[in-house]
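Okay, query_28.tsv is below, TSV, C-alpha atoms and all ligand atoms:
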```tsv
chain	number	residue	atom	x	y	z
A	532	MET	CA	81.17	-115.70	96.70
A	533	THR	CA	78.52	-113.31	98.06
A	534	MET	CA	78.53	-109.60	97.32
A	535	ASN	CA	79.74	-108.82	100.86
A	536	GLU	CA	82.83	-110.96	100.43
A	537	HIS	CA	83.71	-109.50	97.07
A	538	PRO	CA	86.95	-107.40	97.22
A	539	VAL	CA	85.31	-104.45	95.45
A	540	ALA	CA	82.35	-104.46	97.83
A	541	ARG	CA	84.71	-104.74	100.82
A	542	ARG	CA	86.86	-101.82	99.66
A	543	LEU	CA	83.77	-99.74	99.00
A	544	TRP	CA	82.59	-100.51	102.52
A	545	GLN	CA	86.00	-99.47	103.91
A	546	ALA	CA	85.74	-96.23	101.94
A	547	VAL	CA	82.27	-95.56	103.39
A	548	ALA	CA	83.59	-96.27	106.91
A	549	ALA	CA	86.49	-93.85	106.31
A	550	LEU	CA	84.06	-91.21	105.05
A	551	LEU	CA	81.85	-91.69	108.14
A	552	ALA	CA	84.92	-91.27	110.36
A	553	LEU	CA	85.83	-88.08	108.46
A	554	VAL	CA	82.26	-86.79	108.84
A	555	SER	CA	82.27	-87.36	112.62
A	556	LEU	CA	85.72	-85.73	112.84
A	557	LEU	CA	84.45	-82.72	110.89
A	558	ALA	CA	81.38	-82.64	113.17
A	559	CYS	CA	83.75	-82.32	116.17
A	560	MET	CA	85.75	-79.64	114.37
A	561	ALA	CA	82.58	-77.85	113.32
A	562	THR	CA	81.81	-76.65	116.85
A	563	PRO	CA	84.42	-73.94	117.37
A	564	ALA	CA	83.78	-71.02	119.66
A	565	ARG	CA	84.45	-68.69	116.72
A	566	ALA	CA	83.37	-68.75	113.07
A	567	GLU	CA	85.54	-70.61	110.56
A	568	THR	CA	87.95	-68.25	108.86
A	569	ALA	CA	88.26	-68.11	105.09
A	570	ALA	CA	91.72	-69.68	105.39
A	571	GLU	CA	90.35	-72.53	107.51
A	572	LYS	CA	87.56	-73.04	105.04
A	573	TYR	CA	90.03	-73.33	102.14
A	574	GLU	CA	92.14	-75.77	104.13
A	575	ARG	CA	89.11	-77.88	105.09
A	576	LEU	CA	87.77	-77.94	101.53
A	577	ARG	CA	91.20	-78.76	100.14
A	578	GLU	CA	91.56	-81.73	102.51
A	579	GLU	CA	88.02	-82.91	101.80
A	580	LEU	CA	88.57	-82.69	98.07
A	581	GLU	CA	91.83	-84.58	98.34
A	582	ALA	CA	90.21	-87.37	100.41
A	583	GLN	CA	87.23	-87.55	98.08
A	584	ASN	CA	89.42	-87.69	95.01
A	585	GLN	CA	91.46	-90.49	96.59
A	586	GLN	CA	88.24	-92.38	97.29
A	587	LEU	CA	87.11	-91.81	93.72
A	588	ALA	CA	90.45	-93.08	92.42
A	589	SER	CA	90.12	-96.17	94.62
A	590	ILE	CA	86.62	-96.87	93.29
A	591	GLU	CA	87.85	-96.37	89.74
A	592	LYS	CA	90.74	-98.76	90.35
A	593	ASP	CA	88.39	-101.44	91.70
A	594	LEU	CA	86.04	-100.85	88.82
A	595	LYS	CA	88.85	-101.26	86.32
A	596	SER	CA	90.00	-104.46	88.00
A	597	ALA	CA	86.44	-105.88	87.97
A	598	LYS	CA	86.15	-105.01	84.28
A	599	ASN	CA	89.48	-106.70	83.53
A	600	THR	CA	88.37	-109.83	85.38
A	601	ARG	CA	85.10	-109.79	83.50
A	602	SER	CA	86.84	-109.52	80.17
A	603	ALA	CA	89.16	-112.44	81.07
A	604	LEU	CA	86.13	-114.55	82.05
A	605	GLN	CA	84.36	-113.56	78.86
A	606	GLN	CA	87.40	-114.73	76.89
A	607	GLN	CA	87.36	-118.07	78.72
A	608	GLN	CA	83.68	-118.39	78.01
A	609	ASN	CA	84.24	-117.75	74.32
A	610	ILE	CA	86.87	-120.51	74.23
A	611	LEU	CA	84.48	-122.89	76.00
A	612	LYS	CA	81.72	-122.02	73.54
A	613	GLU	CA	84.03	-122.88	70.65
A	614	GLN	CA	85.00	-126.17	72.32
A	615	ILE	CA	81.35	-127.02	72.89
A	616	ASN	CA	80.54	-126.22	69.27
A	617	THR	CA	83.34	-128.56	68.15
A	618	LEU	CA	81.98	-131.33	70.41
A	619	VAL	CA	78.42	-130.80	69.17
A	620	ALA	CA	79.68	-131.14	65.58
A	621	ALA	CA	81.53	-134.36	66.51
A	622	ILE	CA	78.40	-135.70	68.22
A	623	ASN	CA	76.32	-134.93	65.14
A	624	GLU	CA	78.90	-136.72	63.02
A	625	ALA	CA	78.83	-139.72	65.36
A	626	ASN	CA	75.04	-139.76	65.18
A	627	LEU	CA	75.19	-139.84	61.39
A	628	ALA	CA	77.76	-142.69	61.46
A	629	ILE	CA	75.58	-144.61	63.92
A	630	GLN	CA	72.55	-144.11	61.68
A	631	GLU	CA	74.55	-145.35	58.69
A	632	LYS	CA	75.75	-148.36	60.65
A	633	GLN	CA	72.19	-149.07	61.79
A	634	ALA	CA	71.04	-148.95	58.15
A	635	GLU	CA	73.76	-151.45	57.23
A	636	VAL	CA	72.71	-153.72	60.10
A	637	ASP	CA	69.08	-153.49	59.00
A	638	GLN	CA	70.05	-154.24	55.41
A	639	GLN	CA	72.07	-157.24	56.53
A	640	GLN	CA	69.15	-158.47	58.61
A	641	ALA	CA	66.85	-158.09	55.61
A	642	GLN	CA	69.25	-160.14	53.50
A	643	ILE	CA	69.43	-162.80	56.22
A	644	ASP	CA	65.64	-162.88	56.44
A	645	GLU	CA	65.34	-163.19	52.65
A	646	ARG	CA	67.93	-165.95	52.56
A	647	TRP	CA	66.20	-167.70	55.42
A	648	ASP	CA	62.84	-167.56	53.64
A	649	GLU	CA	64.47	-168.90	50.51
A	650	PHE	CA	66.11	-171.72	52.46
A	651	GLN	CA	62.88	-172.58	54.21
A	652	MET	CA	61.04	-172.70	50.89
A	653	GLN	CA	63.71	-174.97	49.45
A	654	MET	CA	63.58	-177.22	52.47
A	655	GLN	CA	59.84	-177.32	52.31
A	656	ALA	CA	60.01	-178.21	48.63
A	657	MET	CA	62.51	-180.97	49.46
A	658	GLN	CA	60.31	-182.15	52.26
A	659	VAL	CA	57.25	-182.25	50.01
A	660	MET	CA	59.23	-184.11	47.42
A	661	HIS	CA	60.62	-186.41	50.07
A	662	ASP	CA	57.36	-187.10	51.89
A	663	GLY	CA	54.72	-186.98	49.14
A	664	GLY	CA	56.91	-188.55	46.48
A	665	ALA	CA	58.64	-191.22	48.51
A	666	VAL	CA	57.29	-194.02	46.43
A	667	ALA	CA	57.81	-192.12	43.19
A	668	MET	CA	61.26	-191.19	44.27
A	669	LEU	CA	62.06	-194.72	45.22
A	670	SER	CA	60.67	-196.02	41.97
A	671	SER	CA	62.34	-193.34	39.98
A	672	ALA	CA	65.63	-193.95	41.73
A	673	GLN	CA	67.57	-196.23	39.47
A	674	SER	CA	69.70	-197.48	42.20
A	675	LEU	CA	70.58	-197.28	45.81
A	676	TYR	CA	73.51	-195.17	44.72
A	677	GLU	CA	71.14	-192.66	43.10
A	678	LEU	CA	69.00	-192.59	46.19
A	679	LEU	CA	72.01	-191.97	48.43
A	680	THR	CA	73.26	-189.28	46.07
A	681	PHE	CA	69.92	-187.55	46.31
A	682	SER	CA	70.11	-187.72	50.06
A	683	ASP	CA	73.70	-186.38	49.97
A	684	THR	CA	72.61	-183.53	47.74
A	685	LEU	CA	69.92	-182.60	50.24
A	686	GLN	CA	72.54	-182.70	52.98
A	687	GLN	CA	74.97	-180.53	50.96
A	688	ILE	CA	72.33	-177.94	50.14
A	689	SER	CA	71.45	-177.70	53.81
A	690	GLU	CA	75.09	-177.34	54.89
A	691	LYS	CA	75.83	-174.71	52.26
A	692	GLN	CA	72.77	-172.71	53.23
A	693	ASN	CA	73.74	-173.00	56.91
A	694	GLN	CA	77.23	-171.74	56.13
A	695	VAL	CA	75.90	-168.75	54.15
A	696	LEU	CA	73.52	-167.92	56.97
A	697	ALA	CA	76.26	-168.24	59.57
A	698	ASP	CA	78.53	-165.92	57.55
A	699	MET	CA	75.75	-163.41	57.24
A	700	GLN	CA	75.07	-163.58	60.98
A	701	ALA	CA	78.79	-163.05	61.68
A	702	GLN	CA	78.84	-159.99	59.40
A	703	LYS	CA	75.80	-158.61	61.16
A	704	ALA	CA	77.41	-159.16	64.57
A	705	GLU	CA	80.49	-157.27	63.34
A	706	LEU	CA	78.33	-154.35	62.16
A	707	GLU	CA	76.56	-154.29	65.49
A	708	ALA	CA	79.86	-154.28	67.35
A	709	ARG	CA	81.05	-151.33	65.22
A	710	LYS	CA	77.77	-149.54	65.93
A	711	ALA	CA	78.21	-150.15	69.69
A	712	GLU	CA	81.73	-148.69	69.42
A	713	LEU	CA	80.36	-145.58	67.76
A	714	GLU	CA	77.71	-145.31	70.45
A	715	GLU	CA	80.37	-145.46	73.12
A	716	GLN	CA	82.33	-142.72	71.34
A	717	ARG	CA	79.17	-140.64	71.20
A	718	ALA	CA	78.56	-141.20	74.94
A	719	ASN	CA	82.11	-140.00	75.68
A	720	LEU	CA	81.60	-136.91	73.55
A	721	GLU	CA	78.30	-136.22	75.27
A	722	SER	CA	79.81	-136.47	78.74
A	723	ALA	CA	82.64	-134.12	77.66
A	724	GLN	CA	80.03	-131.73	76.37
A	725	ALA	CA	78.10	-131.90	79.65
A	726	GLU	CA	81.29	-131.13	81.56
A	727	LEU	CA	82.08	-128.10	79.38
A	728	GLN	CA	78.48	-126.96	79.62
A	729	ALA	CA	78.68	-127.09	83.44
A	730	LYS	CA	81.88	-125.00	83.32
A	731	GLN	CA	80.22	-122.54	81.00
A	732	ASP	CA	77.19	-122.26	83.26
A	733	GLN	CA	79.50	-121.52	86.19
A	734	LEU	CA	81.33	-118.87	84.17
A	735	SER	CA	78.05	-117.32	83.15
A	736	GLY	CA	77.13	-117.13	86.83
A	737	ASN	CA	80.47	-115.49	87.66
A	738	ILE	CA	80.09	-113.01	84.81
A	739	GLN	CA	76.58	-112.15	85.93
A	740	GLN	CA	77.83	-111.56	89.47
A	741	LEU	CA	80.64	-109.35	88.14
A	742	ASP	CA	78.14	-107.42	86.04
A	743	SER	CA	76.13	-106.61	89.12
A	744	THR	CA	79.32	-105.66	91.01
A	745	ILE	CA	80.39	-103.45	88.11
A	746	SER	CA	77.06	-101.70	87.83
A	747	LYS	CA	77.04	-101.09	91.58
A	748	ALA	CA	80.62	-99.74	91.44
A	749	GLU	CA	79.63	-97.52	88.54
A	750	ALA	CA	76.73	-96.14	90.56
A	751	ASP	CA	79.10	-95.60	93.52
A	752	LYS	CA	81.58	-93.91	91.21
A	753	GLN	CA	78.89	-91.57	89.92
A	754	ALA	CA	77.77	-90.80	93.48
A	755	GLN	CA	81.39	-90.14	94.50
A	756	GLN	CA	81.91	-87.99	91.42
A	757	ASP	CA	78.88	-85.93	92.49
A	758	VAL	CA	80.43	-85.48	95.95
A	759	VAL	CA	83.76	-84.43	94.39
A	760	ASP	CA	81.99	-82.03	92.02
A	761	ALA	CA	80.09	-80.49	94.91
A	762	THR	CA	83.30	-80.04	96.93
A	763	GLN	CA	85.11	-78.69	93.88
A	764	ALA	CA	82.30	-76.17	93.41
A	765	ALA	CA	82.57	-75.18	97.09
A	766	TYR	CA	86.36	-74.92	96.71
A	767	ASP	CA	86.03	-72.74	93.61
A	768	GLN	CA	83.56	-70.62	95.53
A	769	ALA	CA	85.99	-70.36	98.46
A	770	GLU	CA	88.76	-69.28	96.08
A	771	LYS	CA	86.47	-66.59	94.70
A	772	GLU	CA	85.79	-65.50	98.28
A	773	TYR	CA	89.54	-65.36	98.91
A	774	GLU	CA	90.08	-63.14	95.86
A	775	GLU	CA	87.15	-61.12	97.12
A	776	TRP	CA	88.94	-60.79	100.51
A	777	ILE	CA	92.01	-59.41	98.72
A	778	ARG	CA	89.84	-57.06	96.69
A	779	GLN	CA	88.09	-55.81	99.83
A	780	ASN	CA	91.42	-55.15	101.55
A	781	SER	CA	92.95	-53.48	98.52
A	782	SER	CA	92.47	-49.92	97.42
A	783	THR	CA	92.11	-48.89	93.79
A	784	GLY	CA	93.54	-45.80	92.25
A	785	SER	CA	96.29	-44.33	90.14
A	786	GLY	CA	98.77	-47.07	91.06
A	787	HIS	CA	101.19	-44.29	91.91
A	788	ILE	CA	103.54	-44.80	94.83
A	789	SER	CA	103.51	-41.68	96.96
A	790	ASP	CA	106.51	-42.27	99.22
A	791	SER	CA	110.18	-42.31	98.43
A	792	GLY	CA	110.28	-45.73	96.71
A	793	TRP	CA	110.33	-49.45	97.51
A	794	MET	CA	112.36	-51.38	100.02
A	795	TRP	CA	113.67	-54.94	99.47
A	796	PRO	CA	111.47	-57.02	101.86
A	797	LEU	CA	114.25	-59.36	103.12
A	798	PRO	CA	117.27	-57.32	104.27
A	799	GLY	CA	120.47	-59.32	103.75
A	800	GLN	CA	118.75	-62.10	101.73
A	801	GLY	CA	118.80	-61.87	97.94
A	802	ARG	CA	118.65	-65.45	96.59
A	803	ILE	CA	115.60	-65.64	94.32
A	804	THR	CA	114.48	-69.27	93.89
A	805	THR	CA	111.43	-68.69	91.69
A	806	TYR	CA	110.98	-65.70	89.43
A	807	TYR	CA	107.75	-64.09	88.34
A	808	GLY	CA	106.11	-66.33	85.71
A	809	GLY	CA	108.28	-69.26	86.74
A	810	ASN	CA	107.30	-72.71	87.98
A	811	ASN	CA	107.61	-73.35	91.72
A	812	GLY	CA	106.56	-76.99	91.55
A	813	PHE	CA	102.97	-76.31	92.53
A	814	GLN	CA	101.96	-73.98	89.75
A	815	SER	CA	103.36	-72.48	86.60
A	816	GLY	CA	103.00	-68.79	85.84
A	817	HIS	CA	104.14	-67.86	89.37
A	818	GLY	CA	102.57	-64.48	90.22
A	819	ALA	CA	105.35	-63.38	92.56
A	820	ILE	CA	109.00	-63.88	93.44
A	821	ASP	CA	110.24	-66.44	96.00
A	822	VAL	CA	113.27	-65.45	98.03
A	823	ALA	CA	115.04	-68.14	100.08
A	824	ALA	CA	116.04	-67.28	103.66
A	825	PRO	CA	116.58	-69.10	106.96
A	826	LYS	CA	113.62	-69.70	109.22
A	827	GLY	CA	112.78	-66.69	111.39
A	828	THR	CA	114.52	-64.09	109.15
A	829	PRO	CA	112.62	-60.79	109.67
A	830	ILE	CA	110.44	-59.69	106.77
A	831	VAL	CA	109.96	-55.94	106.39
A	832	ALA	CA	107.26	-53.86	104.73
A	833	ALA	CA	108.34	-52.84	101.20
A	834	LEU	CA	105.95	-49.92	101.45
A	835	SER	CA	103.99	-48.22	104.23
A	836	GLY	CA	100.30	-49.00	104.46
A	837	VAL	CA	97.57	-50.86	106.32
A	838	ALA	CA	98.05	-54.56	107.10
A	839	SER	CA	95.46	-57.31	106.64
A	840	THR	CA	96.34	-60.80	107.85
A	841	GLN	CA	95.31	-64.35	107.01
A	842	SER	CA	96.46	-67.36	109.02
A	843	MET	CA	97.22	-70.82	107.62
A	844	HIS	CA	95.81	-70.18	104.19
A	845	TRP	CA	95.76	-73.44	102.15
A	846	THR	CA	98.30	-72.04	99.70
A	847	TYR	CA	99.91	-69.00	101.26
A	848	GLY	CA	100.07	-70.16	104.87
A	849	ASN	CA	100.52	-67.26	107.30
A	850	MET	CA	100.39	-64.09	105.27
A	851	VAL	CA	100.23	-60.31	105.43
A	852	LEU	CA	98.70	-57.97	102.86
A	853	ILE	CA	99.72	-54.30	102.94
A	854	ASP	CA	97.53	-51.81	101.16
A	855	SER	CA	99.57	-48.70	100.42
A	856	GLY	CA	96.69	-46.81	98.82
A	857	ASP	CA	96.09	-45.76	95.21
A	858	GLY	CA	95.65	-49.46	94.24
A	859	VAL	CA	99.16	-50.49	95.37
A	860	VAL	CA	99.22	-53.75	97.36
A	861	THR	CA	102.08	-56.02	98.53
A	862	ILE	CA	101.54	-59.57	99.81
A	863	TYR	CA	104.03	-61.52	101.98
A	864	ALA	CA	103.34	-65.23	102.38
A	865	HIS	CA	104.49	-68.57	103.94
A	866	MET	CA	105.51	-66.71	107.14
A	867	ASP	CA	106.42	-68.66	110.21
A	868	SER	CA	104.42	-66.02	112.09
A	869	GLN	CA	103.13	-62.50	111.60
A	870	ALA	CA	104.46	-59.54	113.57
A	871	VAL	CA	101.48	-57.29	112.84
A	872	SER	CA	97.76	-57.65	113.42
A	873	ASN	CA	94.78	-57.20	111.17
A	874	GLY	CA	94.08	-53.54	110.41
A	875	GLN	CA	97.36	-52.29	111.86
A	876	ALA	CA	99.15	-49.36	110.18
A	877	VAL	CA	102.72	-50.22	109.23
A	878	VAL	CA	105.60	-48.11	108.01
A	879	GLN	CA	108.12	-48.99	105.34
A	880	GLY	CA	110.95	-51.12	106.77
A	881	GLN	CA	108.90	-52.27	109.78
A	882	THR	CA	109.16	-55.98	110.60
A	883	ILE	CA	105.81	-57.50	109.69
A	884	GLY	CA	106.65	-61.20	110.14
A	885	TYR	CA	109.28	-63.95	110.00
A	886	VAL	CA	110.31	-66.33	107.23
A	887	GLY	CA	108.58	-69.71	107.46
A	888	ASN	CA	107.42	-72.70	105.46
A	889	THR	CA	103.65	-72.59	105.97
A	890	GLY	CA	100.97	-73.37	103.37
A	891	ARG	CA	101.96	-74.96	100.10
A	892	SER	CA	105.67	-74.39	100.44
A	893	SER	CA	108.72	-76.57	100.06
A	894	GLY	CA	111.43	-74.89	102.05
A	895	TYR	CA	111.86	-71.67	104.01
A	896	HIS	CA	111.26	-68.66	101.79
A	897	LEU	CA	109.29	-65.46	101.36
A	898	HIS	CA	106.66	-65.33	98.63
A	899	PHE	CA	106.49	-61.65	97.69
A	900	GLU	CA	103.63	-60.51	95.50
A	901	VAL	CA	102.81	-57.08	94.07
A	902	ARG	CA	99.33	-56.15	92.84
A	903	ILE	CA	98.36	-52.87	91.23
A	904	ASN	CA	94.58	-52.44	91.15
A	905	ASN	CA	94.42	-56.18	91.92
A	906	VAL	CA	96.48	-57.16	88.86
A	907	LYS	CA	99.61	-59.20	89.66
A	908	GLN	CA	102.87	-57.48	88.70
A	909	ASN	CA	106.49	-58.60	88.37
A	910	PRO	CA	107.91	-57.49	91.76
A	911	LEU	CA	111.39	-57.04	90.20
A	912	ASN	CA	109.93	-54.10	88.27
A	913	TYR	CA	109.58	-52.40	91.70
A	914	VAL	CA	112.14	-53.85	94.10
A	915	SER	CA	115.75	-54.94	93.85
A	916	TYR	CA	118.18	-56.52	96.26
A	917	SER	CA	121.08	-54.38	97.28
A	1001	ZN	ZN	105.86	-68.12	95.65
```
Starting from the file, give its structure as structure tokens.
Amino acid sequence: MTMNEHPVARRLWQAVAALLALVSLLACMATPARAETAAEKYERLREELEAQNQQLASIEKDLKSAKNTRSALQQQQNILKEQINTLVAAINEANLAIQEKQAEVDQQQAQIDERWDEFQMQMQAMQVMHDGGAVAMLSSAQSLYELLTFSDTLQQISEKQNQVLADMQAQKAELEARKAELEEQRANLESAQAELQAKQDQLSGNIQQLDSTISKAEADKQAQQDVVDATQAAYDQAEKEYEEWIRQNSSTGSGHISDSGWMWPLPGQGRITTYYGGNNGFQSGHGAIDVAAPKGTPIVAALSGVASTQSMHWTYGNMVLIDSGDGVVTIYAHMDSQAVSNGQAVVQGQTIGYVGNTGRSSGYHLHFEVRINNVKQNPLNYVSYS
């Protein structure tokens, strides 16, 4: 398997291709006639961050899978190593047994040689006696019977010696056969060892390949993490800029409301779905109240003031901020559309937009926020449905 065919490498390549496609798409989007708004910037950064985090997760998943595979292979290799060690011990044992058997064979041969020498010496002595002392023997032989007996004795000695030698040869042959058996066993063990060794070598190769895949994936992960960190930093910066936008469009002051009081921002709609400090599914510590209402329900200004607008903010969608002076600000978010323009003066009760489901919103509702000197307040301390 080459690196290009490896699943991790292939997925990484797909991720790079996806990123290139995203970059070219962004390049097309990056040539608008007008400058990118803060809201568009948040939305773009949010999408980029999401895509980059997904890519990072995918790399991490592949990395984890490669590491799991590596650990499984390592386990197999450990088992093989143990098996090879067992075989090597058996081979060593066989070698010792063969050596022992060889020593026995050698000893047997030495005994045979000794016996043979002895036999030869005896025969020679007989021969000398027979040849050199033929006359003496004949004269000393008392009778033909004695002479024949002597001859028989010679014959018997020879036969007995032959038998002993034959027995010894048979024993030696048996020892050699046993030694050959042991050698065959050893050859079998050695071929088993060679087979296991080949498997182990292959595993080592696979593990090495995985190691290089893992280290490449780790480098890719680090590179991707750097990209995510950079986008996260840009996103954090954009959020700061957004807060700065609110600050720039908000007055500061006594926090005193100069007109006759507050108006409920959704006439005829009083169902609060998320309270101040509650959890709306996206965040806990909700800094506003959410009031459910059908799409298109008119939203009115709770107080008179000057409107600032943001369109398609990544969280708030289409929104209107009304600065009523003295540090008193109301924010109306997730609108389907705004009914006022940026910088427009509005009076209390004036329709400023329509209920929608834009931004991070799950269902048609108005997100109504109150800030005094840019500090979020519980709106129900100021407004009530009646
Ligand atoms: Zn809300």
Margin query: Please list, as a list in words, the residues that have an atom at most 6 Å away from (102.9, -57.4, 103.5) in the coordinates of this file, counting all atoms listed in the file.
Written below: Ala832, Val851, Leu852, Ile853, Thr861, Ile862 and Tyr863 of chain A
Item checked: Interatomic distance (Å, one decimal) between CA of Ala708 (chain A) and CA of Asn626 (chain A) ->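 For CA of Ala708 (chain A) relative to CA of Asn626 (chain A), the distance reads 15.5 Å.
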Margin query: Give me the residues near Tyr916 (chain A) as a list in words, where near means some atom within 10 Å (using only C-alpha atoms) and where sequence neighbours in that chain fewer than 5 positions away do not count.
Written below: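 Surrounding residues, per the criterion: Met794, Trp795, Pro796, Leu797, Pro798, Gly799, Gln800, Gly801, Arg802, Ile803 and Leu911 of chain A.
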Next item on the list: Go through the chains and note each residue within 10 Å of ligand ZN 1001 (chain A), using only C-alpha atoms and all ligand atoms, then give the set as a ChimeraX atom specification.
Entry: /A:804-807,809-814,817-822,846-847,863-865,891-893,896-900
Next item on the list: Enter the distance from CA of Asp857 (chain A) to CA of Ser782 (chain A), in Å, rounded to one decimal.
Entry: 5.9 Å
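Atom to atom, CA of Gln605 (chain A) and CA of Ala620 (chain A) stand 22.5 Å apart.
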Would you mind putting back N, CA and C atoms on region 814-827 of chain A, then writing it out as a PDB file, in the frame of the given file?
```
ATOM      1  N   GLN A 814     102.691 -74.644  90.822  1.00  0.00           N
ATOM      2  CA  GLN A 814     101.960 -73.980  89.750  1.00  0.00           C
ATOM      3  C   GLN A 814     102.957 -73.348  88.795  1.00  0.00           C
ATOM      4  N   SER A 815     102.529 -73.218  87.539  1.00  0.00           N
ATOM      5  CA  SER A 815     103.360 -72.480  86.600  1.00  0.00           C
ATOM      6  C   SER A 815     102.751 -71.083  86.503  1.00  0.00           C
ATOM      7  N   GLY A 816     103.480 -70.164  85.919  1.00  0.00           N
ATOM      8  CA  GLY A 816     103.000 -68.790  85.840  1.00  0.00           C
ATOM      9  C   GLY A 816     102.945 -68.178  87.237  1.00  0.00           C
ATOM     10  N   HIS A 817     104.015 -68.386  88.000  1.00  0.00           N
ATOM     11  CA  HIS A 817     104.140 -67.860  89.370  1.00  0.00           C
ATOM     12  C   HIS A 817     103.886 -66.352  89.370  1.00  0.00           C
ATOM     13  N   GLY A 818     102.954 -65.905  90.222  1.00  0.00           N
ATOM     14  CA  GLY A 818     102.570 -64.480  90.220  1.00  0.00           C
ATOM     15  C   GLY A 818     103.340 -63.654  91.210  1.00  0.00           C
ATOM     16  N   ALA A 819     104.575 -64.065  91.523  1.00  0.00           N
ATOM     17  CA  ALA A 819     105.350 -63.380  92.560  1.00  0.00           C
ATOM     18  C   ALA A 819     106.819 -63.760  92.410  1.00  0.00           C
ATOM     19  N   ILE A 820     107.646 -63.320  93.361  1.00  0.00           N
ATOM     20  CA  ILE A 820     109.000 -63.880  93.440  1.00  0.00           C
ATOM     21  C   ILE A 820     109.124 -64.617  94.768  1.00  0.00           C
ATOM     22  N   ASP A 821     109.923 -65.718  94.762  1.00  0.00           N
ATOM     23  CA  ASP A 821     110.240 -66.440  96.000  1.00  0.00           C
ATOM     24  C   ASP A 821     111.690 -66.147  96.332  1.00  0.00           C
ATOM     25  N   VAL A 822     111.912 -65.745  97.588  1.00  0.00           N
ATOM     26  CA  VAL A 822     113.270 -65.450  98.030  1.00  0.00           C
ATOM     27  C   VAL A 822     113.602 -66.373  99.200  1.00  0.00           C
ATOM     28  N   ALA A 823     114.664 -67.190  99.031  1.00  0.00           N
ATOM     29  CA  ALA A 823     115.040 -68.140 100.080  1.00  0.00           C
ATOM     30  C   ALA A 823     115.692 -67.410 101.251  1.00  0.00           C
ATOM     31  N   ALA A 824     115.421 -67.871 102.455  1.00  0.00           N
ATOM     32  CA  ALA A 824     116.040 -67.280 103.660  1.00  0.00           C
ATOM     33  C   ALA A 824     115.845 -68.250 104.813  1.00  0.00           C
ATOM     34  N   PRO A 825     116.730 -68.205 105.807  1.00  0.00           N
ATOM     35  CA  PRO A 825     116.580 -69.100 106.960  1.00  0.00           C
ATOM     36  C   PRO A 825     115.285 -68.806 107.729  1.00  0.00           C
ATOM     37  N   LYS A 826     114.817 -69.829 108.408  1.00  0.00           N
ATOM     38  CA  LYS A 826     113.620 -69.700 109.220  1.00  0.00           C
ATOM     39  C   LYS A 826     113.800 -68.567 110.247  1.00  0.00           C
ATOM     40  N   GLY A 827     112.751 -67.743 110.363  1.00  0.00           N
ATOM     41  CA  GLY A 827     112.780 -66.690 111.390  1.00  0.00           C
ATOM     42  C   GLY A 827     113.401 -65.386 110.915  1.00  0.00           C
TER      43      GLY A 827
END
```
